[in-house]
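Heads up: the structure comes next, in structure tokens.
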Amino acid sequence: MQNALYQYIELYNANRPVVEARSSEPLNRLRTAALEALETAGRLPAKGDEGFEKTSINDMFAPDFGVNISGVNIPADIASSFRCGVPNLSTLMGVVVNDRFTPTSTLLKNLPAGVTMCSLSEAAGKHPGIVGKWYGSVANLDSPGTALNTLLAQEGVFIHVARGIRLEKALQLVSILSAPSPLAAFRRILLVAEEGAQVSVLKCDHTQEGSKQCLSSEVVEIVALNGSKVEWYDIEESNADTSRYCQVYVAQHEGAQVNLCGSTLTNGTTRNEYSLDINGDNTLSHLSGMAIGSGSQHIDNSSDLRHKASRGHSNQVFKYVLDDNATGAFEGSIEVCHGARFVEAYQSNRNILASSNARMHTKPQLLIYNDDVKCSHGATTGQLDSKALFYMQTRGIPLQQARRMLMQAFMADVINTIELEPLRDRLRHMIERRFDGCQSGCRECK
Amino acid sequence: MDNNTKKPGQNQASDNDSLLRDVTESDYKYGFVTDIDTDIIPVGLSEDVVRLISEKKGEPQWLLDFRLKAYRHWLTMTPPEWGHLNMPEIDFQAISYYAAPVAKEGPKSLDEVDPELLKTFDKLGIPLQEQKQLTGMAVDAVMDSVSVKTTHREALAEKGIIFCSISEAVKDFPDLVKKYLGSVVSYKDNFYAALNSAVFSDGSFVYIPKGVRCPMELSTYFRINAAGTGQFERTLIVADDDSYVSYLEGCTAPMRDENQLHAAIVEIVVEDRAEVKYSTVQNWYAGDKDGRGGIYNLVTKRGLCRGDYSKLSWTQVETGSAITWKYPSCVLQGRGSSGEFYSVAVTRNRQQADTGTKMIHLGPDTRSTIVSKGISAGYSENSYRGLVKVTPAAEGARNHTQCDSLLLGSNCGAHTFPYIDVMNPTAVVEHEATTSKISEDQIFYCNQRGIPTEEAIGLIVNGYAKEVMNKLPMEFAVEAQRLLQLTLEGSVG
């Protein structure tokens, strides 16, 4: 097996000044530690490693990708292709092409006081204290993927909501991978919600039509300080040539609420990791995900939720529908640490295999170090209920339509965790179209 | 115990403390050592040792070749580290790989068996005496890896059933042993299986011919006695077409400050429409309350349901061992074959257990059921680790898994690691797990009806484990229930 890691380390060692010159101080500060962590690890996780049973990160990074370290302007057809509107939900939108952030004019005009959404380098200039304090504070360099991202990420998005500000409009990030030649983009997002702040972010991932093979390595850090509320909705609609390795790290403080929901509708190879540290008492955490796979899509979600404080309530729901040769993997763990009392943590993973070549691997885990808890997990893999299908047919609903209806209903649990009603409607519509066999695509919005 | 959270009744806290002390200090009643002449070979492992064991047992060349292949393969392997266990490195050169009570030319009747030995098994409550025929159980007693005595052989032989030690089987039924040995657990399977294949010294061999229903429970009792040794026994059970057998296994060891290694292999082959029921009450010495001493129980158990509509059922009650690492598995190959796994695992003090099962669905219409109940107390760590795999050919496979954990005390850990791999869309696989402590409402209810807390806990735990206990054969169920009560006496949630 080829070790994919060293091509990136060599790239960095050869171009260190360029990488740093086109970045900013808080990001540069962590590169040495990241390099050390990578050299200790020696390689990226490969298939069969514990926790990576079905997905090889090494293989995702192995192709000879170019990394745009010198910041060459790569065009992307944003205006016509990716309008990404959600009917009845006016958002404040910014666009990320590969790793570069561009605000839209409405964003600049309408962003209320106390709310920042800008590029990390701009933020490093304007709010050096905040960026310096939180950048890299949640992400774990022991994960080789995160260390590699920290080593090479030059730019990113910074979202900050000041104390007590409740943002009514949702923020939206349209992320586009544009790869005229094979390309790897190292993306970074830092979101800080100060005490009592509220924010919801909608992020959609796309790949520019006509792109070559590409990879997005993304590390998202979410800091939810005391009494804040963060909603994070992520929808991926890319193509078969796209690999995505997205690691979301959350630090949740006392009384904070966090709601994360990730949907994979079309993709190539995707690995999403969610790592939640629940550091404060009286928290509420929702984590949900859905995946619809056909063709040879591969979707792997992994969650790692650590209750370090008392009276935390967490709920995880992950659902997969896999058709054709699609493969899915889910690995979820709940850890209740010593001294974390009165924790209630639930997890459920349900999967439907719709074809004989679809594969599902699931590994829900509980690690409990305390007796004052209520924890459970459940996992099922099977097919649609034949009785329900039969019943619907007796009422004159054709089999195909009955199947679609049941699959949509199956996804309802995940959709219902989304708190923005227009987004729920939109996602329902997208799923409907997805099961009809057409890529709904943002371009059909509006 | 965190006192400030106990609001109702301050004295309850001190009650709890004394009860917890009781449980951590309750005795291990099998901890005695038998003073008997033992033939122990020097410590260390090398090709010469493997040859020596084989020579001592007067084995044929093919078996020696098998051992040597296994030994050479073992040298290339490293111990598995994925378990949720904190296991000190084992020095394989510090163990003696062969210890046998000195026997004079194999006892022909009980009179010739060393009286010390008989006393040992009497103390353990194992009916070796012929007069105990009425208990209706045939016993193969294995001490320090050597089979001491097998009872009821004649009665069984009438039906054509072979039940003897594996070394006798090698001599008397070489074709059968050669055909099946290593067919389910290959010597390449894992580190400890390779080690066992190289140095195994004895064990039981069972063959049930076509159409025979074994009239009594077959039972093996394992006992580690000698110090500084490991125990490496090997059990092979073959159930031919349309046969049935229920097999029981029990184990104990003396109390010692050192850790002793037990690395066994159990292989079971189930042919068309046959059924095998394998029950274990594992009560190896678990170490003292600070975790000194105790047995490392690193065992590979696997059954192959080769025949159509065959059935294999594992039932285990695990209360002993400092470290348990075992996953009794079913390979469901025949059409409509089914596998069951029922387990109660209790850990306390500093015990660690990483145990569970594997259900590998190869054939169509195969079914499996897993019920696992973990109970952890003290500073122990109790993990369930299981695999359910449905391969593409396993049309219509069905699995249901239920694994529950009960926590007694706030310093223990209970973990669940299920692996579920489904490659066939017609399969239905379900997994459920819950973790909680004994509910205060339930205890309060019992108290209210005049049942003291300690008894209430006994009741609740017994109810919790009942689903598994019900699957044990009668004689064993009584012993297991007693064992459970003894282990948990006075423990409080």
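Naming works like this for the structure tokens: A, B, ... for the chains as they're shown, residue 1 at the start of each chain, ligands 1 onward in shown order.
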
Between chain B and chain A, at 8 Å or less, what are the per-residue closest atom pairs and their distances in Å? Count only C-alpha atoms, order by chain and rising residue number, and return it as a tab-separated table.
```
residue	atom	partner	partner_atom	distance
B:Trp82	CA	A:Glu50	CA	7.7
B:Pro392	CA	A:Ser356	CA	7.4
B:Leu407	CA	A:Asp371	CA	5.2
B:Leu408	CA	A:Asp371	CA	6.5
B:Gly409	CA	A:Asp371	CA	6.0
B:Ser410	CA	A:Asn370	CA	4.6
B:Asn411	CA	A:Asn370	CA	6.4
B:Cys412	CA	A:Tyr369	CA	5.8
B:Gly413	CA	A:Tyr369	CA	4.2
B:Ala414	CA	A:Ile368	CA	5.1
B:His415	CA	A:Leu367	CA	4.3
B:Thr416	CA	A:Leu366	CA	4.8
B:Phe417	CA	A:Gln365	CA	4.7
B:Pro418	CA	A:Lys363	CA	5.3
B:Tyr419	CA	A:Lys363	CA	4.5
B:Ile420	CA	A:Thr362	CA	4.9
B:Asp421	CA	A:His361	CA	4.3
B:Val422	CA	A:Met360	CA	5.2
B:Met423	CA	A:Arg359	CA	4.7
B:Asn424	CA	A:Ser356	CA	5.5
B:Pro425	CA	A:Leu353	CA	4.8
B:Thr426	CA	A:Gln383	CA	6.5
B:Ala427	CA	A:Gly382	CA	5.6
B:Val428	CA	A:Gly382	CA	4.4
B:Val429	CA	A:Thr381	CA	5.1
B:Glu430	CA	A:Thr380	CA	4.3
B:His431	CA	A:Ala379	CA	4.9
B:Glu432	CA	A:Gly378	CA	4.3
B:Ala433	CA	A:His377	CA	5.2
B:Thr434	CA	A:Ser376	CA	4.1
B:Thr435	CA	A:Cys375	CA	5.1
B:Ser436	CA	A:Lys374	CA	5.2
B:Lys437	CA	A:Asp371	CA	5.3
B:Gly493	CA	A:Asp371	CA	7.4
```

*Write out as a list in words each polymer residue whose atoms come within 9 Å of Gly250 in chain B, counting only C-alpha atoms; drop sequence neighbours fewer than 5 positions from it.*
Ser219, Thr220, Tyr221, Phe222, Arg223, Ser279, Thr280, Val281, Gln282, Asn283 and Trp284 of chain B

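Restricting the calculation to only C-alpha atoms, the smallest distance between Gln401 in chain A and any of A:Val230, A:Ser296, A:Thr104, A:Glu432 is found for A:Glu432.
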
*Considering only C-alpha atoms, return as a ChimeraX atom specification whatever protein or nucleic-acid residues lie within 6 Å of range 185-202 of chain A, sequence-local ones (same chain, fewer than 4 positions apart) excluded.*
/A:98-99,149,153,156-167,170-172,216-233

Written selection (C-alpha atoms) as a compact mmCIF listing (two decimals), in the first residue's frame:
```txt
# COMPACT_ATOMS: atom_id res chain seq x y z
CA ASN A 98 -12.13 25.36 -2.99
CA ASP A 99 -10.74 27.03 0.13
CA ASN A 149 -5.55 19.73 7.41
CA ALA A 153 -5.02 24.81 5.42
CA GLY A 156 -11.14 29.30 5.78
CA VAL A 157 -14.32 30.74 7.09
CA PHE A 158 -14.79 32.47 10.39
CA ILE A 159 -18.22 32.86 11.96
CA HIS A 160 -18.62 34.70 15.22
CA VAL A 161 -21.77 35.67 17.07
CA ALA A 162 -21.29 38.04 19.97
CA ARG A 163 -22.71 37.57 23.43
CA GLY A 164 -26.50 37.50 23.59
CA ILE A 165 -27.05 38.10 19.86
CA ARG A 166 -29.78 35.95 18.36
CA LEU A 167 -29.43 35.84 14.63
CA ALA A 170 -29.78 31.69 8.76
CA LEU A 171 -26.24 31.96 7.48
CA GLN A 172 -25.49 29.99 4.36
CA SER A 216 -12.03 18.16 0.06
CA SER A 217 -10.42 17.88 3.45
CA GLU A 218 -12.40 19.93 5.88
CA VAL A 219 -12.08 20.61 9.58
CA VAL A 220 -14.93 22.42 11.28
CA GLU A 221 -14.56 23.71 14.81
CA ILE A 222 -17.69 24.75 16.64
CA VAL A 223 -17.46 26.40 20.03
CA ALA A 224 -20.80 26.74 21.79
CA LEU A 225 -20.22 28.78 24.94
CA ASN A 226 -22.53 28.92 27.95
CA GLY A 227 -26.19 29.11 27.07
CA SER A 228 -25.65 29.44 23.35
CA LYS A 229 -27.43 27.59 20.60
CA VAL A 230 -25.85 26.42 17.35
CA GLU A 231 -27.62 24.73 14.47
CA TRP A 232 -25.43 23.29 11.75
CA TYR A 233 -26.99 21.78 8.62
```

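Proximity of A:Ile74, A:Pro103, A:Gln7, A:Lys203 to Leu423 in chain A, computed with only C-alpha atoms, is greatest for A:Lys203.
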
Near Val212 in chain B, within 8 Å and counting only C-alpha atoms, which residues show up once chain neighbours fewer than 6 positions away are dropped, as a PDB file with N, CA, C and O atoms, in the first residue's frame?
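This went into part_4.pdb:
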```pdb
ATOM      1  N   LYS B 159     -24.284 -46.736  22.873  1.00  0.00           N
ATOM      2  CA  LYS B 159     -25.014 -45.971  21.854  1.00  0.00           C
ATOM      3  C   LYS B 159     -24.107 -45.546  20.709  1.00  0.00           C
ATOM      4  O   LYS B 159     -24.537 -44.858  19.790  1.00  0.00           O
ATOM      5  N   ASP B 242     -28.642 -35.614  12.410  1.00  0.00           N
ATOM      6  CA  ASP B 242     -29.797 -35.902  13.262  1.00  0.00           C
ATOM      7  C   ASP B 242     -29.451 -36.251  14.703  1.00  0.00           C
ATOM      8  O   ASP B 242     -30.225 -36.921  15.371  1.00  0.00           O
ATOM      9  N   SER B 243     -28.312 -35.848  15.182  1.00  0.00           N
ATOM     10  CA  SER B 243     -27.972 -36.186  16.563  1.00  0.00           C
ATOM     11  C   SER B 243     -28.191 -34.977  17.481  1.00  0.00           C
ATOM     12  O   SER B 243     -28.452 -33.876  17.005  1.00  0.00           O
ATOM     13  N   TYR B 244     -28.093 -35.242  18.778  1.00  0.00           N
ATOM     14  CA  TYR B 244     -28.262 -34.162  19.737  1.00  0.00           C
ATOM     15  C   TYR B 244     -27.339 -34.382  20.931  1.00  0.00           C
ATOM     16  O   TYR B 244     -27.196 -35.506  21.404  1.00  0.00           O
TER      17      TYR B 244
END
```

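Reported to one decimal place, the separation of CA of Gln252 in chain A from CA of Thr32 in chain A is 27.3 Å.
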
*Please identify all polymer residues within 7 Å of Val184 in chain B, counting only C-alpha atoms, omitting same-chain residues fewer than 4 positions from it, and present them as a list in words.*
Glu267, Arg302, Gly303 and Leu304 of chain B

Would you mind exporting N, CA, C and O atoms of the selected residues as a PDB file, in the first residue's frame?
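What follows is the written file out.pdb:
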```pdb
ATOM      1  N   GLU B 267     -13.800 -26.554  19.433  1.00  0.00           N
ATOM      2  CA  GLU B 267     -14.279 -26.649  18.058  1.00  0.00           C
ATOM      3  C   GLU B 267     -15.504 -27.543  18.038  1.00  0.00           C
ATOM      4  O   GLU B 267     -15.512 -28.603  18.661  1.00  0.00           O
ATOM      5  N   ARG B 302     -15.502 -21.891  18.716  1.00  0.00           N
ATOM      6  CA  ARG B 302     -16.238 -21.674  17.480  1.00  0.00           C
ATOM      7  C   ARG B 302     -16.930 -22.951  17.042  1.00  0.00           C
ATOM      8  O   ARG B 302     -16.390 -24.042  17.179  1.00  0.00           O
ATOM      9  N   GLY B 303     -18.125 -22.810  16.535  1.00  0.00           N
ATOM     10  CA  GLY B 303     -18.853 -23.954  16.013  1.00  0.00           C
ATOM     11  C   GLY B 303     -19.186 -23.730  14.555  1.00  0.00           C
ATOM     12  O   GLY B 303     -19.462 -22.605  14.143  1.00  0.00           O
ATOM     13  N   LEU B 304     -19.139 -24.802  13.796  1.00  0.00           N
ATOM     14  CA  LEU B 304     -19.487 -24.719  12.388  1.00  0.00           C
ATOM     15  C   LEU B 304     -20.784 -25.484  12.174  1.00  0.00           C
ATOM     16  O   LEU B 304     -20.822 -26.706  12.333  1.00  0.00           O
TER      17      LEU B 304
END
```

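Of the residues listed (A:Leu111, A:Val72, A:Pro182, A:Asp205), A:Asp205 shows the shortest atom-to-atom separation from Val95 in chain A; distances use only C-alpha atoms.
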
*Residues flagged strand (DSSP E or B) by DSSP in range 166-276 of chain B, as a VMD selection string*: chain B and resid 202 204 to 208 213 217 to 223 229 231 233 to 239 244 to 252 259 to 262 265 to 270 275 to 276

Leaving out Ser329 in chain B and any residue of its chain fewer than 6 positions from it, which residues lie within 12 Å of it when counting only C-alpha atoms, given as a PDB file with N, CA, C and O atoms, in the first residue's frame?
```
ATOM      1  N   VAL B 184     -12.348 -26.142  12.204  1.00  0.00           N
ATOM      2  CA  VAL B 184     -13.196 -24.989  12.528  1.00  0.00           C
ATOM      3  C   VAL B 184     -12.337 -23.807  12.988  1.00  0.00           C
ATOM      4  O   VAL B 184     -12.532 -22.678  12.574  1.00  0.00           O
ATOM      5  N   VAL B 185     -11.375 -24.102  13.848  1.00  0.00           N
ATOM      6  CA  VAL B 185     -10.443 -23.055  14.273  1.00  0.00           C
ATOM      7  C   VAL B 185      -9.071 -23.438  13.722  1.00  0.00           C
ATOM      8  O   VAL B 185      -8.402 -24.323  14.239  1.00  0.00           O
ATOM      9  N   ILE B 265      -9.063 -23.966  23.108  1.00  0.00           N
ATOM     10  CA  ILE B 265      -9.819 -23.932  21.856  1.00  0.00           C
ATOM     11  C   ILE B 265     -10.973 -24.912  21.983  1.00  0.00           C
ATOM     12  O   ILE B 265     -10.793 -26.028  22.474  1.00  0.00           O
ATOM     13  N   VAL B 266     -12.141 -24.488  21.582  1.00  0.00           N
ATOM     14  CA  VAL B 266     -13.266 -25.404  21.471  1.00  0.00           C
ATOM     15  C   VAL B 266     -13.733 -25.380  20.023  1.00  0.00           C
ATOM     16  O   VAL B 266     -13.991 -24.322  19.468  1.00  0.00           O
ATOM     17  N   GLU B 267     -13.800 -26.554  19.433  1.00  0.00           N
ATOM     18  CA  GLU B 267     -14.279 -26.649  18.058  1.00  0.00           C
ATOM     19  C   GLU B 267     -15.504 -27.543  18.038  1.00  0.00           C
ATOM     20  O   GLU B 267     -15.512 -28.603  18.661  1.00  0.00           O
ATOM     21  N   ILE B 268     -16.518 -27.109  17.323  1.00  0.00           N
ATOM     22  CA  ILE B 268     -17.736 -27.913  17.244  1.00  0.00           C
ATOM     23  C   ILE B 268     -18.154 -28.011  15.786  1.00  0.00           C
ATOM     24  O   ILE B 268     -18.184 -27.010  15.072  1.00  0.00           O
ATOM     25  N   VAL B 269     -18.471 -29.222  15.359  1.00  0.00           N
ATOM     26  CA  VAL B 269     -18.975 -29.399  14.004  1.00  0.00           C
ATOM     27  C   VAL B 269     -20.379 -29.973  14.109  1.00  0.00           C
ATOM     28  O   VAL B 269     -20.600 -30.971  14.792  1.00  0.00           O
ATOM     29  N   TYR B 278     -24.063 -26.034  24.110  1.00  0.00           N
ATOM     30  CA  TYR B 278     -22.800 -25.947  24.859  1.00  0.00           C
ATOM     31  C   TYR B 278     -22.960 -24.924  25.969  1.00  0.00           C
ATOM     32  O   TYR B 278     -23.219 -23.753  25.708  1.00  0.00           O
ATOM     33  N   VAL B 299      -9.665 -17.368  25.152  1.00  0.00           N
ATOM     34  CA  VAL B 299     -10.183 -18.611  24.614  1.00  0.00           C
ATOM     35  C   VAL B 299     -10.783 -18.402  23.228  1.00  0.00           C
ATOM     36  O   VAL B 299     -11.404 -17.374  22.970  1.00  0.00           O
ATOM     37  N   THR B 300     -10.589 -19.366  22.359  1.00  0.00           N
ATOM     38  CA  THR B 300     -11.234 -19.334  21.051  1.00  0.00           C
ATOM     39  C   THR B 300     -12.251 -20.461  20.987  1.00  0.00           C
ATOM     40  O   THR B 300     -11.876 -21.627  21.107  1.00  0.00           O
ATOM     41  N   LYS B 301     -13.514 -20.106  20.849  1.00  0.00           N
ATOM     42  CA  LYS B 301     -14.560 -21.111  20.776  1.00  0.00           C
ATOM     43  C   LYS B 301     -15.351 -20.874  19.512  1.00  0.00           C
ATOM     44  O   LYS B 301     -15.800 -19.749  19.271  1.00  0.00           O
ATOM     45  N   ARG B 302     -15.502 -21.891  18.716  1.00  0.00           N
ATOM     46  CA  ARG B 302     -16.238 -21.674  17.480  1.00  0.00           C
ATOM     47  C   ARG B 302     -16.930 -22.951  17.042  1.00  0.00           C
ATOM     48  O   ARG B 302     -16.390 -24.042  17.179  1.00  0.00           O
ATOM     49  N   GLY B 303     -18.125 -22.810  16.535  1.00  0.00           N
ATOM     50  CA  GLY B 303     -18.853 -23.954  16.013  1.00  0.00           C
ATOM     51  C   GLY B 303     -19.186 -23.730  14.555  1.00  0.00           C
ATOM     52  O   GLY B 303     -19.462 -22.605  14.143  1.00  0.00           O
ATOM     53  N   LEU B 304     -19.139 -24.802  13.796  1.00  0.00           N
ATOM     54  CA  LEU B 304     -19.487 -24.719  12.388  1.00  0.00           C
ATOM     55  C   LEU B 304     -20.784 -25.484  12.174  1.00  0.00           C
ATOM     56  O   LEU B 304     -20.822 -26.706  12.333  1.00  0.00           O
ATOM     57  N   CYS B 305     -21.856 -24.774  11.854  1.00  0.00           N
ATOM     58  CA  CYS B 305     -23.120 -25.432  11.531  1.00  0.00           C
ATOM     59  C   CYS B 305     -23.057 -25.781  10.064  1.00  0.00           C
ATOM     60  O   CYS B 305     -23.493 -25.026   9.204  1.00  0.00           O
ATOM     61  N   LEU B 312     -26.765 -24.696  16.792  1.00  0.00           N
ATOM     62  CA  LEU B 312     -25.751 -24.628  17.834  1.00  0.00           C
ATOM     63  C   LEU B 312     -26.141 -23.534  18.815  1.00  0.00           C
ATOM     64  O   LEU B 312     -26.478 -22.424  18.422  1.00  0.00           O
ATOM     65  N   SER B 313     -26.090 -23.883  20.085  1.00  0.00           N
ATOM     66  CA  SER B 313     -26.485 -22.911  21.083  1.00  0.00           C
ATOM     67  C   SER B 313     -25.393 -22.777  22.142  1.00  0.00           C
ATOM     68  O   SER B 313     -24.973 -23.763  22.740  1.00  0.00           O
ATOM     69  N   TRP B 314     -24.886 -21.578  22.332  1.00  0.00           N
ATOM     70  CA  TRP B 314     -23.884 -21.307  23.374  1.00  0.00           C
ATOM     71  C   TRP B 314     -24.587 -20.633  24.545  1.00  0.00           C
ATOM     72  O   TRP B 314     -25.302 -19.666  24.352  1.00  0.00           O
ATOM     73  N   THR B 315     -24.347 -21.139  25.737  1.00  0.00           N
ATOM     74  CA  THR B 315     -24.836 -20.426  26.910  1.00  0.00           C
ATOM     75  C   THR B 315     -23.659 -20.273  27.850  1.00  0.00           C
ATOM     76  O   THR B 315     -22.950 -21.244  28.104  1.00  0.00           O
ATOM     77  N   SER B 338     -29.165 -22.527  12.532  1.00  0.00           N
ATOM     78  CA  SER B 338     -29.369 -21.420  13.452  1.00  0.00           C
ATOM     79  C   SER B 338     -28.348 -21.434  14.577  1.00  0.00           C
ATOM     80  O   SER B 338     -27.847 -22.484  14.982  1.00  0.00           O
ATOM     81  N   GLY B 339     -28.037 -20.267  15.060  1.00  0.00           N
ATOM     82  CA  GLY B 339     -27.069 -20.117  16.135  1.00  0.00           C
ATOM     83  C   GLY B 339     -27.678 -19.295  17.242  1.00  0.00           C
ATOM     84  O   GLY B 339     -28.459 -18.374  17.001  1.00  0.00           O
ATOM     85  N   GLU B 340     -27.317 -19.647  18.485  1.00  0.00           N
ATOM     86  CA  GLU B 340     -27.808 -18.873  19.616  1.00  0.00           C
ATOM     87  C   GLU B 340     -26.657 -18.574  20.545  1.00  0.00           C
ATOM     88  O   GLU B 340     -25.734 -19.377  20.673  1.00  0.00           O
ATOM     89  N   PHE B 341     -26.743 -17.439  21.184  1.00  0.00           N
ATOM     90  CA  PHE B 341     -25.726 -17.084  22.165  1.00  0.00           C
ATOM     91  C   PHE B 341     -26.420 -16.409  23.340  1.00  0.00           C
ATOM     92  O   PHE B 341     -27.070 -15.387  23.182  1.00  0.00           O
ATOM     93  N   TYR B 342     -26.321 -17.032  24.498  1.00  0.00           N
ATOM     94  CA  TYR B 342     -26.891 -16.440  25.699  1.00  0.00           C
ATOM     95  C   TYR B 342     -25.770 -16.263  26.706  1.00  0.00           C
ATOM     96  O   TYR B 342     -25.047 -17.223  26.982  1.00  0.00           O
ATOM     97  N   THR B 355     -16.050  -9.733  26.040  1.00  0.00           N
ATOM     98  CA  THR B 355     -16.597 -10.988  25.570  1.00  0.00           C
ATOM     99  C   THR B 355     -17.869 -10.756  24.766  1.00  0.00           C
ATOM    100  O   THR B 355     -18.495  -9.721  24.889  1.00  0.00           O
ATOM    101  N   GLY B 356     -18.195 -11.707  23.925  1.00  0.00           N
ATOM    102  CA  GLY B 356     -19.356 -11.566  23.063  1.00  0.00           C
ATOM    103  C   GLY B 356     -19.389 -12.732  22.101  1.00  0.00           C
ATOM    104  O   GLY B 356     -18.947 -13.825  22.448  1.00  0.00           O
ATOM    105  N   THR B 357     -19.834 -12.499  20.918  1.00  0.00           N
ATOM    106  CA  THR B 357     -19.982 -13.611  19.992  1.00  0.00           C
ATOM    107  C   THR B 357     -19.808 -13.138  18.561  1.00  0.00           C
ATOM    108  O   THR B 357     -19.781 -11.944  18.293  1.00  0.00           O
ATOM    109  N   LYS B 358     -19.689 -14.104  17.661  1.00  0.00           N
ATOM    110  CA  LYS B 358     -19.720 -13.793  16.232  1.00  0.00           C
ATOM    111  C   LYS B 358     -20.752 -14.693  15.586  1.00  0.00           C
ATOM    112  O   LYS B 358     -20.748 -15.903  15.825  1.00  0.00           O
ATOM    113  N   MET B 359     -21.623 -14.128  14.798  1.00  0.00           N
ATOM    114  CA  MET B 359     -22.583 -14.908  14.039  1.00  0.00           C
ATOM    115  C   MET B 359     -22.295 -14.635  12.571  1.00  0.00           C
ATOM    116  O   MET B 359     -22.497 -13.515  12.096  1.00  0.00           O
ATOM    117  N   ILE B 360     -21.804 -15.635  11.892  1.00  0.00           N
ATOM    118  CA  ILE B 360     -21.440 -15.437  10.502  1.00  0.00           C
ATOM    119  C   ILE B 360     -22.424 -16.202   9.629  1.00  0.00           C
ATOM    120  O   ILE B 360     -22.436 -17.431   9.611  1.00  0.00           O
ATOM    121  N   HIS B 361     -23.278 -15.458   8.963  1.00  0.00           N
ATOM    122  CA  HIS B 361     -24.338 -16.073   8.154  1.00  0.00           C
ATOM    123  C   HIS B 361     -23.807 -16.313   6.744  1.00  0.00           C
ATOM    124  O   HIS B 361     -23.581 -15.372   5.992  1.00  0.00           O
ATOM    125  N   SER B 368     -30.045 -16.219  13.761  1.00  0.00           N
ATOM    126  CA  SER B 368     -29.236 -16.182  14.970  1.00  0.00           C
ATOM    127  C   SER B 368     -29.864 -15.259  16.005  1.00  0.00           C
ATOM    128  O   SER B 368     -30.530 -14.287  15.667  1.00  0.00           O
ATOM    129  N   THR B 369     -29.648 -15.615  17.253  1.00  0.00           N
ATOM    130  CA  THR B 369     -30.168 -14.826  18.358  1.00  0.00           C
ATOM    131  C   THR B 369     -29.020 -14.569  19.322  1.00  0.00           C
ATOM    132  O   THR B 369     -28.267 -15.495  19.640  1.00  0.00           O
ATOM    133  N   ILE B 370     -28.887 -13.345  19.757  1.00  0.00           N
ATOM    134  CA  ILE B 370     -27.861 -13.030  20.750  1.00  0.00           C
ATOM    135  C   ILE B 370     -28.525 -12.322  21.924  1.00  0.00           C
ATOM    136  O   ILE B 370     -29.225 -11.330  21.726  1.00  0.00           O
ATOM    137  N   ARG B 385     -18.587  -7.408  22.903  1.00  0.00           N
ATOM    138  CA  ARG B 385     -18.094  -7.165  21.551  1.00  0.00           C
ATOM    139  C   ARG B 385     -18.636  -8.276  20.652  1.00  0.00           C
ATOM    140  O   ARG B 385     -18.402  -9.453  20.913  1.00  0.00           O
ATOM    141  N   GLY B 386     -19.388  -7.936  19.672  1.00  0.00           N
ATOM    142  CA  GLY B 386     -19.998  -8.977  18.844  1.00  0.00           C
ATOM    143  C   GLY B 386     -20.015  -8.606  17.388  1.00  0.00           C
ATOM    144  O   GLY B 386     -20.039  -7.434  17.032  1.00  0.00           O
ATOM    145  N   LEU B 387     -19.978  -9.634  16.567  1.00  0.00           N
ATOM    146  CA  LEU B 387     -20.044  -9.405  15.118  1.00  0.00           C
ATOM    147  C   LEU B 387     -21.240 -10.162  14.559  1.00  0.00           C
ATOM    148  O   LEU B 387     -21.439 -11.337  14.876  1.00  0.00           O
ATOM    149  N   VAL B 388     -22.034  -9.481  13.747  1.00  0.00           N
ATOM    150  CA  VAL B 388     -23.060 -10.171  12.970  1.00  0.00           C
ATOM    151  C   VAL B 388     -22.742  -9.876  11.522  1.00  0.00           C
ATOM    152  O   VAL B 388     -22.709  -8.719  11.111  1.00  0.00           O
ATOM    153  N   LYS B 389     -22.459 -10.924  10.766  1.00  0.00           N
ATOM    154  CA  LYS B 389     -22.074 -10.716   9.388  1.00  0.00           C
ATOM    155  C   LYS B 389     -23.010 -11.510   8.492  1.00  0.00           C
ATOM    156  O   LYS B 389     -23.187 -12.706   8.680  1.00  0.00           O
TER     157      LYS B 389
END
```

*Where in range 374-485 of chain B does DSSP assign helix (DSSP H, G or I), given as JSON, numbers by chain?*
{"B": [440, 441, 442, 443, 444, 445, 446, 447, 448, 453, 454, 455, 456, 457, 458, 459, 460, 461, 462, 463, 464, 465, 466, 467, 468, 469, 474, 475, 476, 477, 478, 479, 480, 481, 482, 483, 484, 485]}

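Interatomic distance, CA of Arg403 in chain A against CA of Arg433 in chain A: 13.5 Å.
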
_Just want the 8 Å neighbourhood of Asn382 in chain B, counted on only C-alpha atoms, with same-chain residues fewer than 5 positions away dropped. Output as a PyMOL selection string._
chain B and resi 345-347+352-354+374-376+413-415

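In this model, the gap between CA of Ser54 in chain B and CA of Ser183 in chain B comes to 20.2 Å.
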
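Ranking B:Ile323, B:Ile438, B:Leu236, B:Ile41 by their shortest atom-to-atom distance to Arg292 in chain B, with only C-alpha atoms included, puts B:Ile323 first.
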
*asked:* Taking only C-alpha atoms into account, name the residue in B:Ala198, B:Ser321, B:Pro452, B:Thr366 that is nearest to Glu47 in chain B.
replied: B:Ala198
